[in-house]
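Asker: There's a structure below that I have some questions on.
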Amino acid sequence: DAGITQSPRHKVTETGTPVTLRCHQTENHRYMYWYRQDPGHGLRLIHYSYGVKDTDKGEVSDGYSVSRSKTEDFLLTLESATSSQTSVYFCAINTRNNYGYTFGSGTRLTVV
Amino acid sequence: AQSVTQLGSHVSVSEGALVLLRCNYSSSVPPYLFWYVQYPNQGLQLLLKYTTGATLVKGINGFEAEFKKSETSFHLTKPSAHMSDAAEYFCAVSEGAQKLVFGQGTRLTINP
């Protein structure tokens, strides 16, 4: 989507390895989010950020950490990847004035 | 805490027929409500949203939804289904537009 990009788009990694996913926005929005999507569960919030160095946990934060050292980048790290973290990860920005979220194209992560 | 229930994980309709996707929410304060659509291998796209004001909300691609506070519902409808409507649809609720909570999704299939 315009203004928000995720990298990588696809990744296969081994159990126990650390993995970092990147979300980059060009629109200077304060709020950024990481969700995971799994069949039957919809999208579930992992972590979110409300400013540089300001982050908070979502409903499924165990095993994940985040960092936001500058407005445009929001990083999601799987500290030691497990097979249960195989999922599609979406980043989103909150265009607050419109009360609508814009989502990135997603990162498909497979942990083997 | 907010929650969303989408009734029916899979809905199938004939081309030209009415589309009705059901969504019920739980919220302790007046909610903001959203419908998103996801086409295969893509991110989520905002269909429509309700924040305040008129309870019948019109969105893109001929979809609309009605906020019914007494029924805590926000069902999505389209008078005449088109093949291109085949996708997964997500209802979401937010209190104050800070965090979105999603339903589990409904996959819509259109039969020729």
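Following the order of the structure tokens, first chain is A, next is B, and so on, with residues numbered from 1 inside each chain and ligands from 1 in the order they appear.
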Hey, could you make a per-residue contact list for chain A against chain B with 12 Å as the cut-off, showing the nearest pair of atoms and its distance in Å to one decimal, counting only C-alpha atoms, sorted by chain and number, as CSV?
Answerer:
residue,atom,partner,partner_atom,distance
A:Asp1,CA,B:Gly43,CA,8.0
A:Ala2,CA,B:Gln45,CA,11.6
A:Ile4,CA,B:Gly43,CA,11.2
A:Thr5,CA,B:Gly43,CA,11.0
A:Gln6,CA,B:Gly43,CA,10.9
A:Arg9,CA,B:Asn41,CA,10.8
A:His10,CA,B:Asn41,CA,11.6
A:Arg30,CA,B:Gln98,CA,10.8
A:Tyr31,CA,B:Gln98,CA,8.0
A:Met32,CA,B:Lys99,CA,9.8
A:Tyr33,CA,B:Lys99,CA,8.4
A:Trp34,CA,B:Lys99,CA,10.8
A:Tyr35,CA,B:Leu100,CA,10.0
A:Arg36,CA,B:Phe102,CA,11.1
A:Gln37,CA,B:Gln104,CA,9.4
A:Asp38,CA,B:Gln104,CA,8.9
A:Pro39,CA,B:Gln104,CA,7.9
A:Gly40,CA,B:Gln104,CA,5.4
A:His41,CA,B:Gln104,CA,4.6
A:Gly42,CA,B:Gln104,CA,3.8
A:Leu43,CA,B:Phe102,CA,5.8
A:Arg44,CA,B:Phe102,CA,7.0
A:Leu45,CA,B:Val101,CA,7.6
A:Ile46,CA,B:Lys99,CA,11.1
A:His47,CA,B:Lys99,CA,10.2
A:Tyr48,CA,B:Lys99,CA,8.4
A:Ser49,CA,B:Gln98,CA,10.2
A:Tyr50,CA,B:Gln98,CA,9.0
A:Asp56,CA,B:Lys99,CA,11.0
A:Lys57,CA,B:Lys99,CA,11.1
A:Gly58,CA,B:Lys99,CA,9.0
A:Glu59,CA,B:Val101,CA,9.7
A:Val88,CA,B:Asn41,CA,9.9
A:Tyr89,CA,B:Gly43,CA,9.9
A:Phe90,CA,B:Gly43,CA,7.6
A:Cys91,CA,B:Gly43,CA,9.5
A:Ala92,CA,B:Leu44,CA,9.5
A:Ile93,CA,B:Gln98,CA,10.5
A:Asn94,CA,B:Gln98,CA,7.9
A:Thr95,CA,B:Ala97,CA,9.5
A:Arg96,CA,B:Ala97,CA,7.2
A:Asn97,CA,B:Ala97,CA,9.5
A:Asn98,CA,B:Ala97,CA,9.2
A:Tyr99,CA,B:Ala97,CA,5.6
A:Gly100,CA,B:Leu46,CA,7.4
A:Tyr101,CA,B:Leu46,CA,7.6
A:Thr102,CA,B:Gln45,CA,7.4
A:Phe103,CA,B:Leu44,CA,5.9
A:Gly104,CA,B:Gly43,CA,6.0
A:Ser105,CA,B:Gly43,CA,4.5
A:Gly106,CA,B:Gly43,CA,6.2
A:Thr107,CA,B:Gly43,CA,9.8
A:Arg108,CA,B:Asn41,CA,9.6
Asker: When DSSP works through the backbone of this structure, what residues of range 57-110 of chain B end up as helix (DSSP H, G or I), shown as a count of residues only?
Answerer: 9
Asker: I need the residues of chain B that end up classed as strand (DSSP E or B) by DSSP on the backbone, written out as JSON, numbers by chain.
Answerer: {"B": [3, 4, 5, 6, 7, 10, 11, 12, 13, 14, 19, 20, 21, 22, 23, 24, 25, 26, 32, 33, 34, 35, 36, 37, 38, 44, 45, 46, 47, 48, 49, 50, 56, 57, 58, 64, 65, 66, 67, 68, 73, 74, 75, 76, 77, 78, 87, 88, 89, 90, 91, 92, 93, 94, 101, 102, 106, 107, 108, 109, 110, 111]}
Asker: When distances are computed from only C-alpha atoms, which of A:Thr15, A:Leu21, A:Thr77, A:Pro8 shows the smallest separation from Val112 in chain A?
Answerer: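 Among the listed residues, A:Thr15 lies closest to Val112 in chain A.
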Asker: Kindly indicate which residue among A:Val111, A:Gly63, A:Lys70, A:Ser80 lies nearest to Pro18 in chain A, using only C-alpha atoms for the distances.
Answerer: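 For Pro18 in chain A, the nearest of the given residues is A:Ser80.
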Asker: Between CA of Arg22 in chain B and CA of Thr109 in chain B, measure the distance and give it in Å to one decimal.
Answerer: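 Pair CA of Arg22 in chain B / CA of Thr109 in chain B returns 14.9 Å.
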Asker: May I have the residues within 10 Å of Ala87 in chain B as a tab-separated table (two decimals) with N, CA, C and O atoms, in the first residue's frame, using only C-alpha atoms and disregarding those fewer than 2 positions away in the same chain?
Answerer:
chain	number	residue	atom	x	y	z
B	37	VAL	N	-11.58	-5.80	3.59
B	37	VAL	CA	-11.60	-6.90	2.64
B	37	VAL	C	-10.16	-7.29	2.32
B	37	VAL	O	-9.27	-6.43	2.26
B	38	GLN	N	-9.96	-8.60	2.16
B	38	GLN	CA	-8.64	-9.10	1.80
B	38	GLN	C	-8.77	-10.04	0.61
B	38	GLN	O	-9.41	-11.10	0.72
B	39	TYR	N	-8.17	-9.65	-0.50
B	39	TYR	CA	-8.12	-10.52	-1.66
B	39	TYR	C	-6.91	-11.45	-1.53
B	39	TYR	O	-5.97	-11.14	-0.80
B	40	PRO	N	-6.92	-12.57	-2.20
B	40	PRO	CA	-5.84	-13.56	-2.04
B	40	PRO	C	-4.45	-12.96	-2.18
B	40	PRO	O	-4.20	-12.19	-3.12
B	83	MET	N	-18.76	-11.60	-9.17
B	83	MET	CA	-17.67	-12.57	-9.02
B	83	MET	C	-16.44	-11.95	-8.36
B	83	MET	O	-15.73	-12.60	-7.59
B	84	SER	N	-16.20	-10.68	-8.63
B	84	SER	CA	-15.03	-10.01	-8.08
B	84	SER	C	-15.13	-9.75	-6.58
B	84	SER	O	-14.14	-9.32	-5.96
B	85	ASP	N	-16.29	-10.02	-5.98
B	85	ASP	CA	-16.45	-9.83	-4.54
B	85	ASP	C	-15.88	-10.99	-3.73
B	85	ASP	O	-15.81	-10.92	-2.50
B	89	TYR	N	-13.48	-11.26	4.37
B	89	TYR	CA	-13.95	-10.01	4.94
B	89	TYR	C	-13.79	-10.04	6.45
B	89	TYR	O	-14.12	-11.03	7.10
B	90	PHE	N	-13.29	-8.93	6.98
B	90	PHE	CA	-13.04	-8.83	8.40
B	90	PHE	C	-13.78	-7.63	8.99
B	90	PHE	O	-13.68	-6.52	8.47
B	106	THR	N	-14.67	-13.84	7.48
B	106	THR	CA	-15.66	-14.61	6.73
B	106	THR	C	-15.21	-14.68	5.28
B	106	THR	O	-14.98	-13.64	4.65
B	107	ARG	N	-15.05	-15.89	4.81
B	107	ARG	CA	-14.67	-16.07	3.41
B	107	ARG	C	-15.92	-16.11	2.55
B	107	ARG	O	-16.81	-16.94	2.78
B	108	LEU	N	-15.99	-15.21	1.60
B	108	LEU	CA	-17.15	-15.11	0.70
B	108	LEU	C	-16.82	-15.76	-0.63
B	108	LEU	O	-15.84	-15.39	-1.29
B	109	THR	N	-17.65	-16.70	-1.01
B	109	THR	CA	-17.53	-17.38	-2.30
B	109	THR	C	-18.73	-17.00	-3.16
B	109	THR	O	-19.86	-16.98	-2.66
B	110	ILE	N	-18.49	-16.69	-4.43
B	110	ILE	CA	-19.56	-16.34	-5.35
B	110	ILE	C	-19.70	-17.45	-6.38
B	110	ILE	O	-18.73	-17.78	-7.09
Asker: Measuring atom to atom with only C-alpha atoms, identify which of A:Val66, A:Val12, A:Leu75, A:Val52 is nearest to Ser87 in chain A.
Answerer: A:Val12
Asker: So, with only C-alpha atoms as the atoms that count, which of B:Val4, B:Ala54, B:Ala65, B:Ala81 lies closest to Ser27 in chain B?
Answerer: B:Val4
Asker: Which is closer to Thr86 in chain A than all the others in A:Thr13, A:Ser69, A:Ser61, A:Ser7, using only C-alpha atoms?
Answerer: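 Of the candidates, the smallest distance to Thr86 in chain A is held by A:Thr13.
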